[in-house]
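Student: Can you read through this structure? Questions will come right after.
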Amino acid sequence: MLALAFDLPLVDPVAVFTAVLLVLLAAPLIARRSVPSAVVLLAAGVALGPHALGVLDRDPTMVLLGTVGLLYILFLSGLEVDLHEFIQHRRQSLVLGGLTFLLPQTVGIGLGRLAFGMGWPAAVLLGSVFASHTLLAYPSVARLGLQRERAVTASIGATILTDTLALLVLAVVATGARTGEGADPAVVLRVVGALAVFGGAVLWGVPRLGAWFLRRVAPDATTEFVFVLATVFVCALGVEAVGVEPIIGAFLAGLALNRLVPEGSALMNRVAFVGNALFVPFFLLSTGMLVDLSAFAGGPDAARSWTVAVGMVATVLLMKGAAAWASGRALGFSADEIRLVFGLTVPQAAATLAAVLVGVQVGLFDEAVLNGTIAMVFVTCLVGPWVAEVAGRRVSAASKARVSAAPARSRLLVSLSNPATVGPLVDLALLAREPDATEPLVAVTVVGGETDRDAAVARGEQLLSVAVVHAAGAAVPVLPLVRSESNVARALARAAAETRATTLVVGWDGSAAAARLLFGSVPDRVLRETSAAVLVARGAGPMGAVTRLLVAVPPLADREPGFAGAARLLSALAARAGASVTVLSTDPAPVAAFARRSGPPPTPLSLADWADLEHALAAEARPGDALAVVAAREGSVAWRPGLDRLPHALAHAHPDRPLLVLYPGQPPAAAIRPGGLGVREQAFLDGFQPDHVRLALAPGSVSRLLEQVLGDAVDAGARADVLAGLAAAPLAALRPGVVLAHARTEAVARPVLAVGVGDGLDLGADGPTVLVAVLVVPAGTPTATYLRWLALVARMVCDDATLDAVRRASTPADARDALVASIQTEGHPSLEGLRGGV
């Protein structure tokens with residue numbers, strides 16, 4: 001038998017790495033929703049470190065991986081910064097960010113100087129430790145659907161401001177400590193100047209280099225990730241060369257790559273996955289290993305350790321609470337919103353640990369401050385998420401009206417036919433997809449016209465497999481569909497209907513032949529057969545390399561029913577790609593519609609005449625721009641013949657720019673008429689009069705009940721023929737307790753609807769019948785019209801509230817009004833309620 005024995009601390013590389021992996025595996029199992037994994041990993045580092053159980057030693061390998069994790073955690077902080085969110089809510093962000101930075105910074109300096117006996121550099125750095133925070137509670141708030149609440153957006157903007165200022169303080173203080181010059185004004189000017197020059201070069205050059213690289217060089221996902229990782233360490237090394245801490249360079253790299261790595265993209269998923277699965281946990285473990293819990297147990301430094309720990313915890317809780325209260329009162333927040341702000345801004349983790357670790361390395365902080373910081377992280381990471389979730393539930397309950405008015409969730413279907421465009425089209429769909437969507441992305445390929453159908457289906461499946469793998473990199477499930485049909489447009493329309501897609505994404509190569517095909521018969525059929533929005537994309541590089549989206553909106557387009565959804569989709573695309581939006585139109589109304597959507601505020605560019613669009617785009621477009629056109633379906637209020645020619649003209653004039661052509665979604669024709677009813681349906685309802693309703697049917701045979709229901713609704717001379725026609729057709733069960741008798745007969749010249757209500761009626765259906773409807777139409781009525789009238793009757797009794805109102809009605813007029821009201825308040829007709837005969 002093989003026996004393994006290890007001396008402690010572990011030195012064998014395999015044993016060390018195995019132990020670390022077991023800790024990483026156990027952390028999410030031990031952690032609960034209110035106890036983040038970061039806290040568990042810090043505790044594991046403390047317990048397994050040299051000052052406790054001694055299982056692991058903080059050897060050079062652990063230091064190396066911890067340093068990489070330190071850089072990576074600051075890089076992720078910069079990468080996740082949403083500058084558009086900060087600009088859009090700048091007033092709230094500046095007020096909250098200013099207070100939540102200045103109050104803890106000022107009190108922290110006083111605490112360091114007066115209570116802890118620190119020098120000025122150490123006290124200033126301690127204040128910045130209190131000032132920064134980590135949005136550790138944001139996931140629980142997002143689960144409650146509060147991402148757009150003003151308290152949450154203000155907290156996100158404040159995080160950007162506080163973390164940036166805290167890192168600037170760290171850069172100045174740490175540099176002065178390393179050089180021994182302290183906080184001399186010359187040092188401050190030198191550091192700030194070096195950071196300004198280097199940061200400007202990084203923020204200007206890296207996005208352009210990255211856009212060129214992603215367009216021209218990167219052949220696969222691995223190379224893209226290596227480019228991002230190399231950029232982080234080159235920036236860290238570069239900023240270190242000018243005398244500033246390397247973590248500042250990592251943060252600058254995150255800011256510079258912010259646009260090129262859109263949230264929700266496959267590349268963002270890979271970057272976050274590697275960091276959260278490996279580098280960041282090593283940083284947390286190695287930091288925990290520095291903690292010596294024996295300092296709290298006894299000895300000459302025990303009193304100082306307790307004083308520092310209690311002082312740090314109390315200061316951060318009180319000052320973050322005071323900042324949340326003061327800013328909330330200034331911004332008009334409710335008490336629950338103030339508590340929500342506190343829960344979001346009190347947790348200390350990423351920037352806090354980074355600053356304290358650097359402070360220890362440069363000799364500004366001692367072991368007591370490090371131990372106190374770990375205690376502070378433990379307490380705030382438990383308190384913050386708990387307070388945020390409790391307050392978030394109350395804020396969510398108070399904003400139910402706003403939540404109920406939110407737009408319906410979107411479902412995307414991507415049409416794939418060209419292997420070369422699978423990746424760009426899937427990436428585009430991922431950007432258009434809602435961040436918290438749970439539905440899979442639907443990918444469809446249409447096979448038709450090929451001689452060898454099996455081989456064509458196999459090629460289609462291979463194409464879809466590429467899409468599945470590509471989307472898996474962004475942790476997004478894909479539902480692959482293969483449609484075998486010669487009519488491509490019909491197949492796409494059917495796939496959109498079957499999957500209830502709200503947006504259909506298709507590709508285009510920009511050629512004249514493709515223009516005739518795509519913007520001719522094929523889209524005409526798709527647009528006629530589906531009410532979904534259709535997004536046509538001509539790609540010329542990744543959307544992550546786009547800095548601005550120029551959106552052309554034709555006159556009257558904002559009057560289209562689907563324009564709000566189109567504005568929302570394009571705004572979301574731009575926001576997630578890190579691009580601004582410029583709206584070109586002859587009317588300011590579309591700009592206002594875009595301004596109401598989430599994402600960056602739009603910039604208006606007024607056109608004197610729509611015919612000037614192509615000249616305006618040629619003069620306005622610059623490198624990094626993408627073009628978008630809000631098109632219109634033929635026959636709609638915004639349609640004009642020139643719109644059909646515009647996509648090809650723009651593709652020819654701008655061959656190197658991404659081009660999007662978006663046909664807004666349209667509701668079904670019936671749904672945009674008043675009450676959702678056509679002329680025939682409304683005339684049918686007008687013929688349904690109160691004297692066609694019987695409220696107290698006497699039990700009896702089927703024929704006797706039908707005769708009671710009909711009453712005087714038909715002439716006495718035609719009654720026998722009508723009853724004979726009804727007897728020849730089976731009864732239909734519309735729902736439990738409701739049956740319908742219907743027939744076409746020459747005995748009537750106009751449609752007749754009669755309704756009877758009773759208790760305990762036995763018509764052979766499942767259970768007792770309480771309502772009997774009779775529909776009789778002229779023999780020559782077209783089948784389509786007959787079915788629409790049947791659908792109307794079925795809709796009258798589709799819900800319990802209507803049926804209860806009819807049964808409680810004291811007069812036939814009240815019963816008739818309840819039935820008609822159920823029709824005039826819902827959408828287009830449906831036959832789903834009509835089931836088989838009894």
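Every chain in the structure tokens takes a letter, A first, then B, and so on in the order presented; its residues are numbered from 1, and the ligands are numbered from 1 following the presented order.
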Pick out the residues sitting within 9 Å of Ser703 in chain A, and hand them over as a VMD selection string; count only C-alpha atoms, and ignore anything fewer than 4 positions along from it in its own chain.

Tutor: chain A and resid 707 to 708 723 726 to 727

Student: Using DSSP on the backbone, list every residue of range 211-451 of chain A that comes out as helix (DSSP H, G or I), and give them as a PyMOL selection string.

Tutor: chain A and resi 211-216+221-241+246-256+266-288+294-297+302-331+335-345+350-361+367-398+400-404+419-432

Student: Grab the CA of Ser327 in chain A to CA of Leu170 in chain A distance for me, in Å with one decimal place.

Tutor: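 According to the coordinates, CA of Ser327 in chain A and CA of Leu170 in chain A are separated by 25.2 Å.
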
Student: With the cut-off set at 10 Å and counting only C-alpha atoms, tabulate each residue of range 42-160 of chain A with an atom at most that distance from an atom of range 3-22 of chain A, showing the nearest atom pair and its distance in Å to one decimal, ordered by chain and increasing number, as JSON lines.

Tutor:
{"residue": "A:Ala44", "atom": "CA", "partner": "A:Val20", "partner_atom": "CA", "distance": 9.7}
{"residue": "A:Gly45", "atom": "CA", "partner": "A:Val20", "partner_atom": "CA", "distance": 9.7}
{"residue": "A:Leu48", "atom": "CA", "partner": "A:Pro9", "partner_atom": "CA", "distance": 9.2}
{"residue": "A:Gly49", "atom": "CA", "partner": "A:Pro9", "partner_atom": "CA", "distance": 8.7}
{"residue": "A:Pro50", "atom": "CA", "partner": "A:Pro9", "partner_atom": "CA", "distance": 7.7}
{"residue": "A:Leu53", "atom": "CA", "partner": "A:Pro9", "partner_atom": "CA", "distance": 8.7}
{"residue": "A:Gly54", "atom": "CA", "partner": "A:Pro9", "partner_atom": "CA", "distance": 5.4}
{"residue": "A:Val55", "atom": "CA", "partner": "A:Pro9", "partner_atom": "CA", "distance": 4.6}
{"residue": "A:Leu56", "atom": "CA", "partner": "A:Pro9", "partner_atom": "CA", "distance": 5.0}
{"residue": "A:Asp57", "atom": "CA", "partner": "A:Pro9", "partner_atom": "CA", "distance": 5.8}
{"residue": "A:Arg58", "atom": "CA", "partner": "A:Pro9", "partner_atom": "CA", "distance": 9.6}
{"residue": "A:Asp59", "atom": "CA", "partner": "A:Val11", "partner_atom": "CA", "distance": 8.8}
{"residue": "A:Thr61", "atom": "CA", "partner": "A:Pro13", "partner_atom": "CA", "distance": 9.2}
{"residue": "A:Met62", "atom": "CA", "partner": "A:Val16", "partner_atom": "CA", "distance": 9.5}

Student: Could you pull the residues within 7 Å of Leu125 in chain A, counting only C-alpha atoms, minus those fewer than 2 positions along the same chain, as a list in words?

Tutor: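 What passes the distance filter is Pro121, Ala122, Ala123, Gly127, Ser128, Val129, Val169, Leu170 and Val173 of chain A.
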
Student: How would the residues just picked look written out with N, CA, C and O atoms as a tab-separated table (two decimals), in the first residue's frame?

Tutor:
chain	number	residue	atom	x	y	z
A	121	PRO	N	2.09	60.42	6.35
A	121	PRO	CA	1.87	59.53	5.20
A	121	PRO	C	1.03	58.31	5.54
A	121	PRO	O	0.10	57.95	4.80
A	122	ALA	N	1.33	57.66	6.68
A	122	ALA	CA	0.57	56.47	7.06
A	122	ALA	C	-0.88	56.83	7.38
A	122	ALA	O	-1.81	56.09	7.02
A	123	ALA	N	-1.11	57.97	8.04
A	123	ALA	CA	-2.47	58.37	8.38
A	123	ALA	C	-3.28	58.69	7.12
A	123	ALA	O	-4.47	58.35	7.02
A	127	GLY	N	-6.64	56.72	5.84
A	127	GLY	CA	-7.90	57.35	5.46
A	127	GLY	C	-8.41	56.87	4.12
A	127	GLY	O	-9.62	56.64	3.94
A	128	SER	N	-7.50	56.68	3.16
A	128	SER	CA	-7.93	56.19	1.84
A	128	SER	C	-8.42	54.75	1.91
A	128	SER	O	-9.26	54.33	1.11
A	129	VAL	N	-7.91	53.99	2.89
A	129	VAL	CA	-8.40	52.62	3.08
A	129	VAL	C	-9.87	52.64	3.47
A	129	VAL	O	-10.68	51.86	2.97
A	169	VAL	N	-4.34	58.49	-4.06
A	169	VAL	CA	-3.69	58.71	-2.77
A	169	VAL	C	-2.63	57.64	-2.52
A	169	VAL	O	-1.51	57.94	-2.07
A	170	LEU	N	-2.96	56.40	-2.82
A	170	LEU	CA	-2.00	55.31	-2.65
A	170	LEU	C	-0.75	55.53	-3.48
A	170	LEU	O	0.38	55.32	-3.01
A	173	VAL	N	1.35	58.45	-1.83
A	173	VAL	CA	1.92	58.12	-0.52
A	173	VAL	C	2.93	56.99	-0.63
A	173	VAL	O	4.03	57.05	-0.04

Student: Under the rule that only C-alpha atoms are counted, which of A:Asp691, A:Asp587, A:Asp454, A:Glu389 is the nearest residue to Leu344 in chain A?

Tutor: A:Glu389

Student: Could you tell me which of A:Ala303, A:Ala256, A:Leu660, A:Gly238 comes closest to Leu428 in chain A if we count only C-alpha atoms?

Tutor: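 Nearest candidate to Leu428 in chain A out of A:Ala303, A:Ala256, A:Leu660, A:Gly238: A:Leu660.
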
Student: Pull the strand (DSSP E) assignments for range 461-509 of chain A out of DSSP run on the backbone, and list those residues as a ChimeraX atom specification.

Tutor: /A:478-484,503-507

Student: Point out the residue among A:Leu168, A:Ala241, A:Ala272, A:Ala443 with the least atom-to-atom distance to Val478 in chain A, counting only C-alpha atoms.

Tutor: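 Between A:Leu168, A:Ala241, A:Ala272, A:Ala443, the residue approaching Val478 in chain A most closely is A:Ala443.
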
Student: At a cut-off of 9 Å, using only C-alpha atoms, what residues contact Gly711 in chain A? Leave out same-chain residues fewer than 2 positions from it and give the result as a list of chain:residue names.

Tutor: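 Non-adjacent residues within range: A:Asp691, A:His692, A:Val693, A:Arg694, A:Leu706, A:Glu707, A:Gln708, A:Val709, A:Ala713, A:Val714, A:Arg719, A:Ala754.
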
Student: Work out how far CA of Leu573 in chain A is from CA of Leu425 in chain A, in Å to one decimal.

Tutor: 12.8 Å

Student: Hey, what's within 12 Å of Gly343 in chain A if we count only C-alpha atoms and toss same-chain stuff fewer than 4 positions away? As a PyMOL selection string, please?

Tutor: chain A and resi 133-138+140-141+151-152+155+317+320-321+323-325+336-339+347-348+380-392

Student: Could you check how far CA of Leu695 in chain A sits from CA of Gly756 in chain A, in Å to one decimal?

Tutor: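 Straight-line distance from CA of Leu695 in chain A to CA of Gly756 in chain A works out to 5.8 Å.
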
Student: Check the smallest atom-to-atom distance from each of A:Thr315, A:Thr502, A:Gln92, A:Thr445 to Gly108 in chain A using only C-alpha atoms, then report the winner.

Tutor: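 Ranking A:Thr315, A:Thr502, A:Gln92, A:Thr445 by distance to Gly108 in chain A, first place goes to A:Thr315.
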
Student: So that each row is one residue of range 218-308 of chain A with an atom at most 10 Å from range 161-166 of chain A, can you give its shortest atom pair and the distance in Å to one decimal, using only C-alpha atoms, rows by chain and rising number, as a tab-separated table?

Tutor:
residue	atom	partner	partner_atom	distance
A:Ile248	CA	A:Thr164	CA	9.4
A:Phe251	CA	A:Thr164	CA	8.8
A:Leu252	CA	A:Thr164	CA	9.8

Student: If we count only C-alpha atoms, what is near Leu257 in chain A at a cut-off of 8 Å, once residues fewer than 6 positions away on the same chain are taken out, given as a PyMOL selection string?

Tutor: chain A and resi 79+206-207+210+228

Student: When distances are computed from only C-alpha atoms, which of A:Asp612, A:Ala632, A:Ala174, A:Val506 shows the smallest separation from Leu556 in chain A?

Tutor: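 Among the listed residues, A:Ala632 lies closest to Leu556 in chain A.
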